[in-house]
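S.K.: There's a structure below that I have some questions on.
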Amino acid sequence: MTENAETSGKTGAAPGMRVLQRVVMPVDRDLDVLKLYVEGEIARGAEALAAETAAEAAAPADAAEGAGRRSVVVPVGRRVSFATYFNAFPASYWRRWTSVEEVVLRVRVRGQATVIVYRSSAKGHVQRVDSVRVDSETSREETFRLTLRPFIDGGWYWMDVLAGESNAVLERADWCADTSATGPVRQGRVSLGITTYNRPGFCVDQLVALGGAPEALDVVDAVYVVDQGNQRVRDDEGFERAAALLGPKLRVIEQGNLGGSGGFSRAMDETLKAGTSDYVLLLDDDVVTETEGVLRAVAFADFARTPTIVGGHMFNLFVRSQLHAYGETIGRYRWWWEEAAHTKREHDFAKAPDPSPRARTSSGSLLRTKWLHRRVDVDYNGWWMCLIPTDVVRKVGLSMPMFIKWDDAEYCVRAGEAGFPTVTLPGMAAWHVPWQDKDDGIDWQAYFHERNRLVTALMHSPYERGGNLLKESFIISVKHALAMQYSTAELMLSAIEDVLSGPEHMHAGIVSKLPEILAFRADFPDAQNRASHEEFPQVRRARPPKRGRGFKPPRGTVNVLASAMLGTVRQLRPVEPGSRGNPQAVVPHIDRHWSLLSQVDSALVSSADGTRVAWYQRDPERFRALLRRTSLLHARLGREWPELSRRYRAAMADLASAEAWRATFDAAAGPDGGGPGGGGSG
């Protein structure tokens, strides 16, 4: 029965089928993530177990592996939908970036079942495409041929399964490409590169998970673990199990701490030297990976029209149905990371949509959220999970020696300028520690944020003197000074000084810079953290707030400028004597705003993750010095921008070359981890 002219009918399984995407269920049927895989009621308990066991027994010998991961039991009279993140087919991405013109949905079912195929448009409109009814105690395979022609701007395919008067058992379902007419596409091979720093337990858990996914390991040549810490992965109690599961594919490389860029560059270089893999797939150490993403990334890259970087999405490790961002771009005029147009951050697939137009986050399933149907094009993908063709690595080189921050974005921009696009592929994802619980904008990483943002703009910004970047950088440094975050402001200025020294400093200082930063910050009150408020003197304030008013951040340009001016004037005044002996206020992290902190002489300020407290103390002399230095350095950076841009662009190929990196690897061959921050995306 064909209900839409876009299908060309159902046929039996044809030779030359290449699986692009398998329908799967979560490992251990984790209820926190179930709605990312299936919508509706599925059978559980003894009945489901018996049905799955029977499904495994009925399956062909070569497909019996992992039956519980692939099969679903739909109870009598119930309906389930696979219009979900992991199991709907992202047709528009395959239409835009690959040579696939038709996808084949191959379904094996038994019992009383109706399988209905749907599609959506870029606007989120849904159409019923085709259906089939099955009433059989033995397995039946049905195949739907589905064109990709209507998906230029967006849209998905998916299926629903309805049970009749007896349970319906979905034993297998695959989205395939029929290569019998177009010719076979070579099965790509991949090496995995995991950069780790002092997270041996987390890293070993990921290795064990990979070892428990033999279907993914079938396409893997090697798993490179680049261990840059002093708590070694090989010493973890679970390492022997991981090593037994992965066998000779596991290669542990121990080197000094070169940050994420150094660790991932080592994995790229080892993959190139081995000469067997078509791709290198980069993974953070602090992620939980959906292993199906390995297969999906390789399949997508195999069919891509041109060598393509294929990135996975990042979900929140603590709220596992929440997506960090659906796609990421760089705001070219201000040169800063942004969510892609027409998307929203922190989308939760398991919650009902928030009807408020001012909601900062979004929620809802695929069917309830229209913007998820529009194809999203990106500038880069984070290296928590990102596949890079070795052809791209040979052409554009390894990562820039940035240690941490901006290395992934810069690499994708550089690859894009060389003609190699980046695609963030729905259905390929990992769960990662969320950014909102980190203070990386004000801790030791502030140096790398500033330095690498400037370097990336010098290399790639299309605007004269980086557009609005220098103005924004100056304002940010002043805000840190107003907020008594003097260590952060000083690190930003140190970053500018290093940028002004030229590109040569990047490889030369990658080993030594972090220890220098940590030693430098140690003397600043805002960088000295304690476990609780009780470890500081009692809070006292000589004068209460004016008219008892609480604090509200200024709104509007005029009020913001007025607050900044008043704060600057206050910073230049003498400090109240009592504020040196006792903090004047307690400021929760959520209220840590420069306009509030500029109104007090000292305050206890908590960290983003809620584990630490620091005593911020106003220092008029340091504020004056910072204001003077940031003005002079930003002015100089503006004057020298054209020449610096020429120098950094000319040095790109050498900075990213395997030869330069190998010299750096040799210099960092010692066992000392050298401080925090050796992981991937930070």
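Ordered as shown in the structure tokens, chains take letters A, B, and onward, while each chain numbers its residues from 1 and ligands are numbered from 1 in the order shown.
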Give me the residues of range 309-372 of chain A that have any atom at most 9 Å from an atom of range 453-466 of chain A; for each, the nearest atom pair and the distance in Å, rounded to one decimal. Use only C-alpha atoms, sort by chain and number, and format it as a tab-separated table.

M.R.:
residue	atom	partner	partner_atom	distance
A:Arg332	CA	A:Ser461	CA	6.7
A:Tyr333	CA	A:Tyr463	CA	6.8
A:Arg334	CA	A:Gly466	CA	7.3
A:Trp335	CA	A:Ala457	CA	6.6
A:Trp336	CA	A:Arg453	CA	7.7

S.K.: For the residues in the current selection, export N, CA and C atoms as a PDB file, in the first residue's frame.

M.R.:
ATOM      1  N   ARG A 332      30.892  36.642  13.166  1.00  0.00           N
ATOM      2  CA  ARG A 332      32.086  37.125  12.488  1.00  0.00           C
ATOM      3  C   ARG A 332      32.492  38.547  12.922  1.00  0.00           C
ATOM      4  N   TYR A 333      31.529  39.410  13.171  1.00  0.00           N
ATOM      5  CA  TYR A 333      31.895  40.800  13.465  1.00  0.00           C
ATOM      6  C   TYR A 333      32.468  40.953  14.879  1.00  0.00           C
ATOM      7  N   ARG A 334      31.969  40.150  15.814  1.00  0.00           N
ATOM      8  CA  ARG A 334      32.522  40.223  17.175  1.00  0.00           C
ATOM      9  C   ARG A 334      33.469  39.061  17.466  1.00  0.00           C
ATOM     10  N   TRP A 335      33.516  38.094  16.562  1.00  0.00           N
ATOM     11  CA  TRP A 335      34.382  36.924  16.658  1.00  0.00           C
ATOM     12  C   TRP A 335      34.213  36.225  17.999  1.00  0.00           C
ATOM     13  N   TRP A 336      33.006  35.655  18.160  1.00  0.00           N
ATOM     14  CA  TRP A 336      32.671  34.926  19.376  1.00  0.00           C
ATOM     15  C   TRP A 336      31.734  33.789  19.020  1.00  0.00           C
TER      16      TRP A 336
END

S.K.: Name all residues at most 8 Å from Ala658 in chain A (count only C-alpha atoms; drop same-chain ones fewer than 2 positions away) and give them as a list in words.

M.R.: Asp269, Gly397, Leu398, Ala656, Ala660, Trp661 and Arg662 of chain A

S.K.: Counting only C-alpha atoms, give me one row per residue of range 260-329 of chain A with an atom at most 7 Å from an atom of range 412-427 of chain A, showing the shortest contact pair and its distance in Å to one decimal, sorted by chain then residue number, as a tab-separated table.

M.R.:
residue	atom	partner	partner_atom	distance
A:Gly293	CA	A:Gly427	CA	6.8
A:Thr306	CA	A:Phe420	CA	7.0
A:Pro307	CA	A:Phe420	CA	6.0
A:Thr308	CA	A:Pro421	CA	5.3
A:Ile309	CA	A:Thr422	CA	4.6
A:Val310	CA	A:Val423	CA	5.1
A:Gly311	CA	A:Thr424	CA	4.5
A:Gly312	CA	A:Thr424	CA	5.7
A:His313	CA	A:Thr424	CA	6.8
A:Gly327	CA	A:Thr424	CA	6.5

S.K.: Which residues, written as a list in words, have at least one atom at most 7 Å from range 509-523 of chain A, with only C-alpha atoms counted and residues fewer than 2 positions away on the same chain left out?

M.R.: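 Residues near the query, excluding close chain neighbours: Asn257, Leu258, Pro401, Phe403, Trp444, Ser487, His505, Met506, His507, Pro525, Ala527, Gln528, Ala668, Gly674 and Gly675 of chain A.
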
S.K.: Would you mind listing what lies within 8 Å of Trp158 in chain A as a list in words, with only C-alpha atoms counted and same-chain residues fewer than 5 positions away left out?

M.R.: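 My reading of the contact set: Ser81, Phe82, Ala83, Asn87, Ala88, Phe89, Val117, Tyr118 and Arg119 of chain A.
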
S.K.: For the atom pair CA of Glu535 in chain A and CA of Leu491 in chain A, what is the interatomic distance in Å to one decimal place?

M.R.: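 Atom-to-atom, CA of Glu535 in chain A and CA of Leu491 in chain A are spaced 26.8 Å apart.
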
S.K.: Just the strand (DSSP E) stuff from range 368-580 of chain A, please, per backbone DSSP, written as a list of chain:residue names.

M.R.: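 The residues of range 368-580 of chain A classed as strand (DSSP E) are A:Met385, A:Cys386, A:Leu387, A:Ile388, A:Pro389, A:Thr422, A:Val423, A:Thr424, A:Leu425, A:Pro426, A:Gly427, A:Met428, A:Ala429, A:Ala430, A:Trp431, A:His432, A:Asn529, A:Arg530.
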
S.K.: If we count only C-alpha atoms and set the cut-off at 9 Å, which residues sit around Ala409 in chain A, ignoring sequence neighbours fewer than 6 positions away in its own chain? Please answer as a ChimeraX atom specification.

M.R.: /A:329-330,337,379-383,456
